[in-house]
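Asks: Shown below is the structure under consideration.
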There are 8 protein chains.
Amino acid sequence: MLLEKNTKFLLFGDSVTDMNRKEQGEGLFEAIGVGYPADIQSFLATSYPDYNIRVINKGISGNTSRDLVKRFDTDVAPYKPENLLILIGINDVWRQFDTPLMTEEACTPEEYEANLEWIIDRSRDFVKQLILVTPYYIEENTSDRMRARMDEYSAIVRKLAEKHGAIFVDMQAAWVKLLKYYHSSYITWDRIHPNSQGALYMAKTILNRLDFDYNREI
Amino acid sequence: MLLEKNTKFLLFGDSVTDMNRKEQGEGLFEAIGVGYPADIQSFLATSYPDYNIRVINKGISGNTSRDLVKRFDTDVAPYKPENLLILIGINDVWRQFDTPLMTEEACTPEEYEANLEWIIDRSRDFVKQLILVTPYYIEENTSDRMRARMDEYSAIVRKLAEKHGAIFVDMQAAWVKLLKYYHSSYITWDRIHPNSQGALYMAKTILNRLDFDYNREI
Amino acid sequence: MLLEKNTKFLLFGDSVTDMNRKEQGEGLFEAIGVGYPADIQSFLATSYPDYNIRVINKGISGNTSRDLVKRFDTDVAPYKPENLLILIGINDVWRQFDTPLMTEEACTPEEYEANLEWIIDRSRDFVKQLILVTPYYIEENTSDRMRARMDEYSAIVRKLAEKHGAIFVDMQAAWVKLLKYYHSSYITWDRIHPNSQGALYMAKTILNRLDFDYNREI
Amino acid sequence: MLLEKNTKFLLFGDSVTDMNRKEQGEGLFEAIGVGYPADIQSFLATSYPDYNIRVINKGISGNTSRDLVKRFDTDVAPYKPENLLILIGINDVWRQFDTPLMTEEACTPEEYEANLEWIIDRSRDFVKQLILVTPYYIEENTSDRMRARMDEYSAIVRKLAEKHGAIFVDMQAAWVKLLKYYHSSYITWDRIHPNSQGALYMAKTILNRLDFDYNREI
Amino acid sequence: MLLEKNTKFLLFGDSVTDMNRKEQGEGLFEAIGVGYPADIQSFLATSYPDYNIRVINKGISGNTSRDLVKRFDTDVAPYKPENLLILIGINDVWRQFDTPLMTEEACTPEEYEANLEWIIDRSRDFVKQLILVTPYYIEENTSDRMRARMDEYSAIVRKLAEKHGAIFVDMQAAWVKLLKYYHSSYITWDRIHPNSQGALYMAKTILNRLDFDYNREI
Amino acid sequence: MLLEKNTKFLLFGDSVTDMNRKEQGEGLFEAIGVGYPADIQSFLATSYPDYNIRVINKGISGNTSRDLVKRFDTDVAPYKPENLLILIGINDVWRQFDTPLMTEEACTPEEYEANLEWIIDRSRDFVKQLILVTPYYIEENTSDRMRARMDEYSAIVRKLAEKHGAIFVDMQAAWVKLLKYYHSSYITWDRIHPNSQGALYMAKTILNRLDFDYNREI
Amino acid sequence: MLLEKNTKFLLFGDSVTDMNRKEQGEGLFEAIGVGYPADIQSFLATSYPDYNIRVINKGISGNTSRDLVKRFDTDVAPYKPENLLILIGINDVWRQFDTPLMTEEACTPEEYEANLEWIIDRSRDFVKQLILVTPYYIEENTSDRMRARMDEYSAIVRKLAEKHGAIFVDMQAAWVKLLKYYHSSYITWDRIHPNSQGALYMAKTILNRLDFDYNREI
Amino acid sequence: MLLEKNTKFLLFGDSVTDMNRKEQGEGLFEAIGVGYPADIQSFLATSYPDYNIRVINKGISGNTSRDLVKRFDTDVAPYKPENLLILIGINDVWRQFDTPLMTEEACTPEEYEANLEWIIDRSRDFVKQLILVTPYYIEENTSDRMRARMDEYSAIVRKLAEKHGAIFVDMQAAWVKLLKYYHSSYITWDRIHPNSQGALYMAKTILNRLDFDYNREI
């Protein structure tokens with residue numbers, strides 16, 4: 001598996017990552033929340049109990065890439081995580097559609113790219129494994145205006161992953177695959193926030209890219 | 001206007017009609033709820049104060065056409081409303097997509113049509129103005145599976161409206177019109193339940209079909 | 001219509017404007033509240049979707065004209081709204097009757113006029129369309145002491161509207177018109193706060209003065 | 001004082017009497033509520049501690065005279081109160097104005113009179129002191145439609161008091177007297193439910209008619 | 001009556017005065033609480049409506065005389081009340097019995113007297129009518145240790161009232177009078193906090209010392 | 001110790017026994033409540049772990065001896081407890097003082113004695129160890145009216161204990177002993193319900209009469 | 001995989017299965033709860049979306065095998081599930097240790113076996129795949145009294161699985177395996193209820209016995 | 001008894017001591033919480049009422065020895081308690097097992113010893129009776145990893161007690177004794193927090209070491 005023993009795995013993102021996590025985002029009382037981070041933690045802890053990988057959830061609901069920049073120094077840097085996953089951009093795009101006149105709420109593709117670059121640059125010193133996940137819209141119709149716009153941001157993530165040699169997780173593509181079988185309303189109410197089925201699916205999609213072995217004997 | 005003076009106007013439907021109405025669905029303490037029924041009531045009361053039209057909200061969240069049949073005798077018949085609006089079918093379709101394996105929850109087009117016919121037949125004695133509103137999915141892509149399925153049910157409504165000489169309100173078409181300007185996420189989180197903007201728009205769409213005069217002098 | 005495309009429309013007032021708005025007074029989760037501002041927003045968004053008019057609710061319960069002066073710099077100026085509606089004065093008068101001995105709570109006509117002048121003066125730089133709405137008491141008896149007193153304040157609003165070329169909305173007169181048909185208890189519990197019927201009526205009264213076209217084809 | 005020693009004093013009415021009373025309407029934990037019944041109880045208990053008069057609150061919010069008839073057998077008869085105060089009629093009238101189209105909610109003057117007669121007739125066996133209080137509207141303008149209508153009902157109470165030799169309390173007149181000094185908004189938000197000042201005033205108004213001695217030495 | 005027209009009447013004390021008052025201790029929404037201050041306010045407002053006496057509740061639960069000294073400058077001085085009632089000392093004594101080992105919580109008679117003197121001295125400039133009320137224990141047995149101790153503090157109040165020409169209200173004596181008829185459990189659960197009967201009795205006891213006329217015609 | 005191995009110990013009483021017990025009055029989640037029954041249970045379980053004595057709390061707040069008679073068949077008989085403790089009578093007396101006019105709430109000494117006799121008689125078949133505890137008033141002044149009345153009921157308990165050879169616990173005497181050191185307000189707010197100190201003291205008082213050995217080695 | 005297409009999979013058990021499921025135990029709003037059933041549902045839905053396996057959670061907290069017998073006819077039979085998983089017995093044992101004196105709460109091994117046999121017998125008509133899971137205690141020390149007792153019940157499950165050709169899941173063994181790496185407090189607070197890590201582990205343990213393919217391409 | 005008259009007894013610890021204490025940890029409204037401190041207080045107050053020993057609860061949930069060092073100056077020093085009980089270390093150990101990767105949460109034996117020494121050193125000036133209680137794990141199996149680790153910390157407590165002449169309470173040993181009779185689940189859900197039975201047992205274990213006389217006559 002690509003994650004090494006005795007390392008930290010920090011998940012940096014918005015409400016999809018947050019999912020009711022507590023302040024610290026790890027530890028007792030299900031502080032990691034009920035989204036895909038909890039499932040990643042559970043998979044690692046039960047299939048690789050000898051790896052001692054510490055998972056830390058640092059998602060905050062409603063965040064855009066601009067917010068991640070603002071809280072990088074308090075929420076990421078002090079942990080010096082060897083593995084950093086970034087899943088951001090959904091709100092950068094969503095605000096352009098659900099509050100179109102409050103233009104100060106959203107981020108343009110240009111700002112989005114600059115924000116991501118800034119974070120990648122600042123984390124270079126300690127991050128060995130960078131995992132970039134595309135923002136997504138759980139919608140198969142590529143001419144849906146929000147899906148189309150989201151795809152522009154996904155393309156930026158793909159470009160940056162290549163540029164910086166990061167692991168690239170095409171979450172948008174993963175959802176489209178599942179939508180062959182189900183209508184989006186089976187997985188999500190608003191085409192953004194997955195239910196527990198969707199959360200597990202996200203975790204598996206990410207772990208698959210990390211060569212995770214589900215049948216590993218312990 | 002097509003609604004006559006001193007008559008009752010009963011709105012029969014699901015959560016889109018319900019919108020937190022209280023038990024009686026009319027009267028004090030905003031018992032009519034906060035959806036399109038409240039707006040219809042407000043328009044009638046303030047533009048046609050001399051008409052004395054009594055608006056009654058009998059929507060219940062989650063209802064399918066099968067549920068309307070079950071509660072017709074307690075929720076509609078005792079009022080003998082001269083004007084009856086029926087907006088049902090969204091859950092008949094939705095359950096086919098959000099709980100596809102619980103097949104007992106949804107209604108097929110055949111049952112849907114039979115249920116509507118049953119209601120229309122039973123209300124013939126007292127209803128003078130029947131208003132049939134199409135179920136809808138606030139989605140412009142007609143190849144979306146749920147939208148496509150919903151269109152089948154809308155077609156049934158149109159057919160029955162013609163057959164029974166009812167006023168036909170194509171709410172699906174109305175949403176599509178508005179979607180030229182906005183992404184659905186501006187109006188609704190789940191492409192079904194409109195926010196207050198959408199509720200007012202629904203009220204206007206219905207009233208327009210009733211030749212309502214917004215500029216009427218009082 | 002008198003509001004121009006791509007402008008901001010800020011509503012500045014007391015509890016009648018506030019009506020449970022959230023901090024920002026616009027945007028997601030019905031943050032605009034449930035009063036006439038929500039209805040104005042809904043009318044503009046659905047009849048003039050191509051106009052992109054941003055409605056901002058800045059009402060706060062219990063405010064007098066003195067409070068508006070205090071929070072002008074934080075709540076109005078930063079937005080530089082091209083359209084500003086002011087509906088204030090109800091509490092300036094009410095406190096003279098419901099807490100007559102706490103004289104520090106109310107504002108005299110002199111102070112009221114000065115406060116309004118101050119606001120108008122400060123907003124001159126950015127406001128193109130000023131809309132002044134009379135405070136009101138939903139009471140048809142002009143010899144009711146509170147109604148009589150409120151009329152003095154309404155007269156000031158009328159005077160200032162003329163002096164500054166503002167659009168004048170005589171809300172007191174509008175209520176009196178509706179009271180020909182209904183007793184006040186049909187619209188309001190305390191002769192101040194309208195129910196949802198009254199809120200829609202207020203929105204229509206204001207929009208009528210702005211040459212709003214309800215039947216505009218979109 | 002007109003109330004005799006070792007008797008029961010039952011107060012029968014609507015929300016003005018109810019005022020958050022508990023089930024039994026007397027006894028521990030302020031079960032008598034916070035309206036005029038509590039003040040009457042307090043006055044009797046502290047000025048006539050040797051009289052042992054048991055005060056029982058049987059008001060229920062929203063009740064009309066029709067409701068009092070319905071619950072006479074469970075709420076009054078079992079106590080066989082020697083003193084019975086009836087204060088009813090406000091909702092009989094109010095519903096004609098705040099829900100004018102729900103005509104089944106209100107009572108006509110004819111029904112009102114019949115209901116009162118029925119109660120008086122049924123209580124003849126045990127009641128020695130009957131106290132009839134007029135319904136009221138805390139409004140001095142006699143041409144207000146609701147005040148005018150309420151006066152018709154008050155006239156019925158006066159007529160019945162004379163016919164049956166009951167003590168007559170003209171609560172409407174008492175309020176008008178107080179309105180010389182205060183605007184109604186000092187005492188009540190809706191011109192019906194008095195605040196604690198108004199509750200004490202009602203208690204005094206009733207006790208004055210019973211020759212209560214406030215300065216009685218204990 | 002001893003209170004003059006157009007004056008303020010401030011009540012300074014502990015939980016017996018507090019009784020759920022709101023921050024300001026006067027004005028809308030029953031902010032004066034539900035204890036004797038509310039009753040005094042109600043009596044004054046309804047029997048002397050032409051006097052315009054403003055009643056202000058500044059009681060805080062758990063306060064001792066030491067606390068009153070601490071908050072005199074914020075809670076009393078700014079109002080410059082012409083009439084000041086002080087009812088303090090219950091907690092100065094009670095803490096000696098219910099938390100005997102936490103000696104820092106209570107005040108000795110010496111400190112109590114000094115605190116009262118300090119307050120009287122500081123209020124000399126604006127207070128014309130000083131009303132000193134004895135602390136009390138609703139217990140008739142003078143050899144009860146807490147009653148006996150409370151009597152020492154009452155004696156100090158009496159002494160100071162004489163020294164400073166203040167109106168003296170012997171609330172302890174008033175309770176004893178009522179206890180001829182009732183066991184304390186009829187009026188209070190803990191022999192300190194009166195129920196609504198007791199609160200009215202306290203108000204009457206105070207007003208009697210002010211030559212209040214309950215039968216004054218308005 | 002007087003309680004035998006492998007027996008049940010049922011505590012039958014009012015709020016002093018109840019103390020927030022759950023439905024079953026024993027078992028998980030502190031269902032036994034927080035009063036003296038919990039302490040008895042804790043003492044038995046930790047000092048006599050080899051005795052397997054099952055403690056069952058069947059107190060209900062507000063109960064009089066009349067209530068115990070009513071629920072004997074459901075709350076006591078089915079358990080056939082070998083050891084039965086009865087602590088009742090406080091409310092039989094209290095209601096004579098805190099709601100003196102609601103005479104139906106209290107029980108006379110005659111009824112009290114009859115009720116106790118009835119319970120003793122009905123429990124004869126299964127009870128081997130009957131423990132009768134006096135009702136009490138945590139007040140040392142024997143001329144306090146409620147204390148004096150309570151003493152009459154205590155005398156009945158003593159008489160019945162002697163007559164039936166039951167273990168007699170003079171809880172009133174125990175409180176008086178403690179009151180040599182503390183004012184009642186250190187132990188109880190209302191002279192009835194002890195705080196946790198008082199509850200432990202009650203448990204010890206009862207266990208002392210059962211020859212409980214606190215220093216027993218386990 | 002051993003579960004066939006288009007079948008139902010009902011999970012019958014206690015609090016470990018329940019985990020806050022809603023009434024129906026399946027469908028919208030995470031009604032399946034947050035335990036291992038949710039994870040099984042998520043795995044099936046995302047790895048075998050073409051299988052249409054309907055998962056139904058029928059666990060109820062605190063249940064013993066005796067309770068499952070009682071509710072078999074309402075909670076299992078009507079669904080006629082082709083696949084039935086039974087995980088029961090934890091409370092049959094636990095009550096012997098946490099409420100040892102309330103012997104009516106627990107089930108002996110004999111009753112446990114009989115109850116399981118009864119259920120297996122009654123489900124024969126419709127169940128094709130029976131899955132029997134051992135009760136467990138997340139404790140590696142086999143001489144712990146509760147663990148030892150639980151092992152007796154596990155042995156019964158193993159015996160019945162063999163006798164009836166059911167799939168046998170040795171959950172106790174699975175936990176012991178994980179305890180090589182972690183102390184039980186990492187997975188559970190009470191050695192019974194797993195946290196989300198433990199729930200996922202349970203799901204995987206069960207699915208492994210069903211030849212589930214985690215890497216199946218969809 | 002070893003505690004002297006007129007002294008303070010401060011209990012310094014973690015959640016086992018805390019048990020819902022209020023801010024001050026002593027005084028009214030059961031501020032001492034519901035754990036062993038409450039029982040110690042109750043025993044002292046009722047068996048040694050003439051001793052005037054003031055018990056102060058300064059436990060805080062989740063604390064390790066490091067936290068005690070941090071709050072010594074605010075929570076202990078200002079009281080200058082003559083008697084100081086320290087029960088700490090459970091979380092120092094527990095965090096090594098329930099959040100093994102968050103190594104910053106736990107304390108090593110070396111730090112634990114240093115922290116305890118620091119506290120003992122700082123309290124030398126005022127403490128006359130130092131009582132050191134071992135941390136514990138309510139588990140009889142000494143090869144349980146957490147029990148074994150806890151024993152290392154207990155040994156440090158024993159060593160320090162000897163070194164400093166403190167009273168040593170071997171709480172671990174006390175639990176083991178009780179576990180001869182009960183499974184741990186009878187006393188505690190998580191093998192750390194005792195129920196009310198366990199709390200009383202802890203209090204007795206401590207008091208026994210202080211030569212407390214349960215049968216002392218008062």
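Residue numbering restarts at 1 in every chain; chains get A, B, ... in the order shown in the structure tokens, and ligands count up from 1 in that same order.
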Show which residues sit within 7 Å of Glu82 in chain B, as a ChimeraX atom specification. Count only C-alpha atoms, and ignore same-chain residues fewer than 6 positions away.
Replies: /B:7-9,126-129
Asks: For the residues selected in the previous step, produce a file with N, CA and C atoms as an mmCIF file, in the first residue's frame.
Replies:
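Written file, out00.cif:
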```cif
data_model
loop_
_atom_site.group_PDB
_atom_site.id
_atom_site.type_symbol
_atom_site.label_atom_id
_atom_site.label_comp_id
_atom_site.auth_asym_id
_atom_site.auth_seq_id
_atom_site.Cartn_x
_atom_site.Cartn_y
_atom_site.Cartn_z
ATOM 1 N N THR B 7 -66.706 30.444 -2.222
ATOM 2 C CA THR B 7 -66.463 29.013 -2.425
ATOM 3 C C THR B 7 -65.243 28.571 -1.625
ATOM 4 N N LYS B 8 -65.066 27.249 -1.589
ATOM 5 C CA LYS B 8 -63.888 26.682 -0.935
ATOM 6 C C LYS B 8 -62.902 26.209 -1.993
ATOM 7 N N PHE B 9 -61.606 26.338 -1.686
ATOM 8 C CA PHE B 9 -60.545 25.943 -2.598
ATOM 9 C C PHE B 9 -59.612 24.997 -1.809
ATOM 10 N N PHE B 126 -69.508 17.480 -5.838
ATOM 11 C CA PHE B 126 -69.405 18.835 -5.283
ATOM 12 C C PHE B 126 -68.409 19.736 -5.996
ATOM 13 N N VAL B 127 -67.447 19.159 -6.709
ATOM 14 C CA VAL B 127 -66.427 19.993 -7.338
ATOM 15 C C VAL B 127 -66.917 20.592 -8.653
ATOM 16 N N LYS B 128 -66.793 21.916 -8.751
ATOM 17 C CA LYS B 128 -67.163 22.579 -10.010
ATOM 18 C C LYS B 128 -65.923 22.906 -10.825
ATOM 19 N N GLN B 129 -64.864 23.235 -10.112
ATOM 20 C CA GLN B 129 -63.631 23.618 -10.782
ATOM 21 C C GLN B 129 -62.547 22.639 -10.357
#
```
Asks: Looking only at strand (DSSP E or B) from DSSP on the backbone, list the matching residues of range 58-200 of chain A as a ChimeraX atom specification.
Replies: /A:58-59,83-87,129-133,167-169,188,194
Asks: Write out as a compact mmCIF listing (two decimals) with C-alpha atoms, in the first residue's frame the residues lying within 9 Å of range 187-203 of chain A, counting only C-alpha atoms and excluding same-chain residues fewer than 3 positions away.
Replies:
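The resulting file, part_12.txt, is reproduced below:
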```
# COMPACT_ATOMS: atom_id res chain seq x y z
CA SER A 15 -18.56 19.60 4.29
CA VAL A 16 -18.10 16.34 2.38
CA VAL A 34 -19.56 10.07 9.81
CA GLY A 35 -18.27 10.62 6.27
CA TYR A 36 -15.62 9.00 4.09
CA PRO A 37 -12.82 9.91 6.54
CA ALA A 38 -14.40 7.62 9.15
CA ASP A 39 -14.51 4.81 6.61
CA ILE A 40 -10.88 5.34 5.57
CA PHE A 43 -10.40 0.36 6.77
CA ILE A 90 -17.35 22.08 -4.62
CA TYR A 136 -17.65 16.61 -8.19
CA TYR A 137 -21.33 16.90 -8.90
CA ILE A 138 -23.23 13.60 -8.64
CA GLU A 139 -24.88 14.15 -12.01
CA MET A 171 -14.06 11.20 -7.88
CA ALA A 174 -16.25 7.33 -9.90
CA TRP A 175 -19.71 8.78 -9.33
CA TYR A 182 -28.64 4.16 -9.62
CA HIS A 183 -30.33 7.48 -9.98
CA SER A 184 -28.46 10.10 -7.97
CA ILE A 206 -9.59 6.69 -2.63
CA LEU A 207 -8.11 3.53 -1.08
CA ASN A 208 -8.15 1.77 -4.43
CA ASP B 98 -34.46 6.68 -4.00
CA SER B 185 -29.81 24.76 -7.02
CA THR B 188 -34.38 23.86 -4.63
CA TRP B 189 -31.94 21.56 -2.82
CA ASP B 190 -33.34 18.29 -4.05
CA ARG B 191 -35.01 19.31 -7.32
CA PHE G 29 -32.89 9.02 6.09
CA GLU G 30 -30.28 6.42 7.14
CA VAL G 34 -25.10 3.31 12.00
CA ALA G 38 -25.30 -0.01 7.34
CA ASP G 39 -21.85 -1.10 6.24
CA GLN G 41 -25.79 -2.40 2.90
CA SER G 42 -23.15 0.03 1.63
CA PHE G 43 -20.79 -2.72 0.50
CA ALA G 45 -24.98 -1.47 -2.94
CA THR G 46 -21.64 -0.18 -4.23
CA SER G 47 -19.84 -3.40 -5.17
```
Asks: Just need the residues of chain C within 10 Å of chain A, counting only C-alpha atoms, so spit them out as a list in words.
Replies: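 The answer, sorted by residue number, is Asn6, Thr7, Lys8, Glu26, Gly27, Leu28, Asn52, Ile53, Arg54 and Val55 of chain C.
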Asks: Only N, CA, C and O atoms, please: the residues just picked out, written as a tab-separated table (two decimals), in the first residue's frame.
Replies:
```
chain	number	residue	atom	x	y	z
C	6	ASN	N	-28.88	44.53	-12.60
C	6	ASN	CA	-27.56	44.40	-11.96
C	6	ASN	C	-27.32	45.42	-10.85
C	6	ASN	O	-26.24	45.99	-10.73
C	7	THR	N	-28.36	45.63	-10.05
C	7	THR	CA	-28.20	46.54	-8.92
C	7	THR	C	-28.52	45.80	-7.62
C	7	THR	O	-29.03	44.68	-7.64
C	8	LYS	N	-28.22	46.49	-6.50
C	8	LYS	CA	-28.56	45.95	-5.19
C	8	LYS	C	-29.77	46.69	-4.62
C	8	LYS	O	-29.92	47.89	-4.83
C	26	GLU	N	-29.54	37.56	3.36
C	26	GLU	CA	-29.70	37.14	1.96
C	26	GLU	C	-29.01	35.80	1.80
C	26	GLU	O	-28.26	35.37	2.66
C	27	GLY	N	-29.28	35.13	0.69
C	27	GLY	CA	-28.56	33.90	0.38
C	27	GLY	C	-29.28	32.64	0.84
C	27	GLY	O	-30.49	32.61	0.97
C	28	LEU	N	-28.49	31.60	1.14
C	28	LEU	CA	-29.03	30.25	1.39
C	28	LEU	C	-29.86	30.15	2.65
C	28	LEU	O	-29.80	30.99	3.52
C	52	ASN	N	-31.15	40.33	-12.43
C	52	ASN	CA	-30.07	40.15	-11.44
C	52	ASN	C	-30.07	41.21	-10.36
C	52	ASN	O	-29.06	41.86	-10.09
C	53	ILE	N	-31.22	41.39	-9.75
C	53	ILE	CA	-31.28	42.37	-8.65
C	53	ILE	C	-31.07	41.63	-7.33
C	53	ILE	O	-31.78	40.69	-7.01
C	54	ARG	N	-30.08	42.10	-6.59
C	54	ARG	CA	-29.70	41.45	-5.33
C	54	ARG	C	-30.42	42.12	-4.17
C	54	ARG	O	-30.18	43.29	-3.89
C	55	VAL	N	-31.28	41.36	-3.50
C	55	VAL	CA	-32.06	41.91	-2.39
C	55	VAL	C	-31.38	41.56	-1.07
C	55	VAL	O	-31.00	40.42	-0.84
```
Asks: What lies within 9 Å of Met1 in chain G using only C-alpha atoms, ignoring chain neighbours under 3 positions off, as a list in words?
Replies: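 The filter keeps Glu4, Leu207, Leu210, Asp211, Phe212 and Asp213 of chain G.
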Asks: Next, the residues of the selection above should be written as a PDB file, in the first residue's frame with all heavy atoms.
Replies:
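Below is the file result_1.pdb, written as the result:
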```pdb
ATOM      1  N   GLU G   4     -27.784 -14.276  -3.446  1.00  0.00           N
ATOM      2  CA  GLU G   4     -28.221 -14.256  -4.838  1.00  0.00           C
ATOM      3  C   GLU G   4     -28.885 -12.942  -5.212  1.00  0.00           C
ATOM      4  O   GLU G   4     -29.322 -12.181  -4.364  1.00  0.00           O
ATOM      5  CB  GLU G   4     -29.175 -15.426  -5.079  1.00  0.00           C
ATOM      6  CG  GLU G   4     -28.426 -16.756  -4.973  1.00  0.00           C
ATOM      7  CD  GLU G   4     -29.312 -17.938  -5.308  1.00  0.00           C
ATOM      8  OE1 GLU G   4     -30.446 -17.719  -5.796  1.00  0.00           O
ATOM      9  OE2 GLU G   4     -28.863 -19.073  -5.089  1.00  0.00           O
ATOM     10  N   LEU G 207     -19.140 -10.496   5.520  1.00  0.00           N
ATOM     11  CA  LEU G 207     -19.075 -10.559   4.052  1.00  0.00           C
ATOM     12  C   LEU G 207     -17.990 -11.520   3.579  1.00  0.00           C
ATOM     13  O   LEU G 207     -18.140 -12.185   2.545  1.00  0.00           O
ATOM     14  CB  LEU G 207     -18.853  -9.161   3.473  1.00  0.00           C
ATOM     15  CG  LEU G 207     -20.035  -8.202   3.653  1.00  0.00           C
ATOM     16  CD1 LEU G 207     -19.671  -6.801   3.183  1.00  0.00           C
ATOM     17  CD2 LEU G 207     -21.259  -8.703   2.891  1.00  0.00           C
ATOM     18  N   LEU G 210     -19.204 -14.757   3.090  1.00  0.00           N
ATOM     19  CA  LEU G 210     -20.150 -14.853   1.976  1.00  0.00           C
ATOM     20  C   LEU G 210     -19.434 -14.727   0.633  1.00  0.00           C
ATOM     21  O   LEU G 210     -20.061 -14.483  -0.399  1.00  0.00           O
ATOM     22  CB  LEU G 210     -21.229 -13.762   2.112  1.00  0.00           C
ATOM     23  CG  LEU G 210     -22.105 -13.853   3.369  1.00  0.00           C
ATOM     24  CD1 LEU G 210     -22.990 -12.618   3.486  1.00  0.00           C
ATOM     25  CD2 LEU G 210     -22.981 -15.115   3.311  1.00  0.00           C
ATOM     26  N   ASP G 211     -18.110 -14.847   0.658  1.00  0.00           N
ATOM     27  CA  ASP G 211     -17.300 -14.740  -0.564  1.00  0.00           C
ATOM     28  C   ASP G 211     -17.518 -13.427  -1.304  1.00  0.00           C
ATOM     29  O   ASP G 211     -17.581 -13.391  -2.544  1.00  0.00           O
ATOM     30  CB  ASP G 211     -17.602 -15.921  -1.507  1.00  0.00           C
ATOM     31  CG  ASP G 211     -17.232 -17.236  -0.868  1.00  0.00           C
ATOM     32  OD1 ASP G 211     -16.446 -17.228   0.114  1.00  0.00           O
ATOM     33  OD2 ASP G 211     -17.723 -18.273  -1.342  1.00  0.00           O
ATOM     34  N   PHE G 212     -17.604 -12.382  -0.534  1.00  0.00           N
ATOM     35  CA  PHE G 212     -17.783 -11.058  -1.108  1.00  0.00           C
ATOM     36  C   PHE G 212     -16.492 -10.616  -1.791  1.00  0.00           C
ATOM     37  O   PHE G 212     -15.401 -10.813  -1.253  1.00  0.00           O
ATOM     38  CB  PHE G 212     -18.132 -10.084   0.023  1.00  0.00           C
ATOM     39  CG  PHE G 212     -18.505  -8.717  -0.431  1.00  0.00           C
ATOM     40  CD1 PHE G 212     -19.817  -8.407  -0.746  1.00  0.00           C
ATOM     41  CD2 PHE G 212     -17.537  -7.713  -0.533  1.00  0.00           C
ATOM     42  CE1 PHE G 212     -20.166  -7.127  -1.139  1.00  0.00           C
ATOM     43  CE2 PHE G 212     -17.884  -6.441  -0.940  1.00  0.00           C
ATOM     44  CZ  PHE G 212     -19.198  -6.150  -1.243  1.00  0.00           C
ATOM     45  N   ASP G 213     -16.611 -10.002  -2.966  1.00  0.00           N
ATOM     46  CA  ASP G 213     -15.428  -9.546  -3.704  1.00  0.00           C
ATOM     47  C   ASP G 213     -15.320  -8.017  -3.634  1.00  0.00           C
ATOM     48  O   ASP G 213     -16.065  -7.298  -4.290  1.00  0.00           O
ATOM     49  CB  ASP G 213     -15.537 -10.001  -5.163  1.00  0.00           C
ATOM     50  CG  ASP G 213     -14.349  -9.502  -5.994  1.00  0.00           C
ATOM     51  OD1 ASP G 213     -13.403  -8.919  -5.416  1.00  0.00           O
ATOM     52  OD2 ASP G 213     -14.377  -9.710  -7.220  1.00  0.00           O
TER      53      ASP G 213
END
```
Asks: Give me, as a list in words, all polymer residues having an atom no more than 7 Å from Ser61 in chain A, counting only C-alpha atoms and skipping those fewer than 2 positions away in the same chain.
Replies: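 Once the adjacent positions are removed, what remains is Asp14, Ser15, Asp18, Gly59 and Asn63 of chain A.
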Asks: Tell me which protein, DNA and RNA residues are within 7 Å of Leu116 in chain E, counting only C-alpha atoms, leaving out same-chain ones fewer than 4 positions away, and put them as a ChimeraX atom specification.
Replies: /E:65,112,120
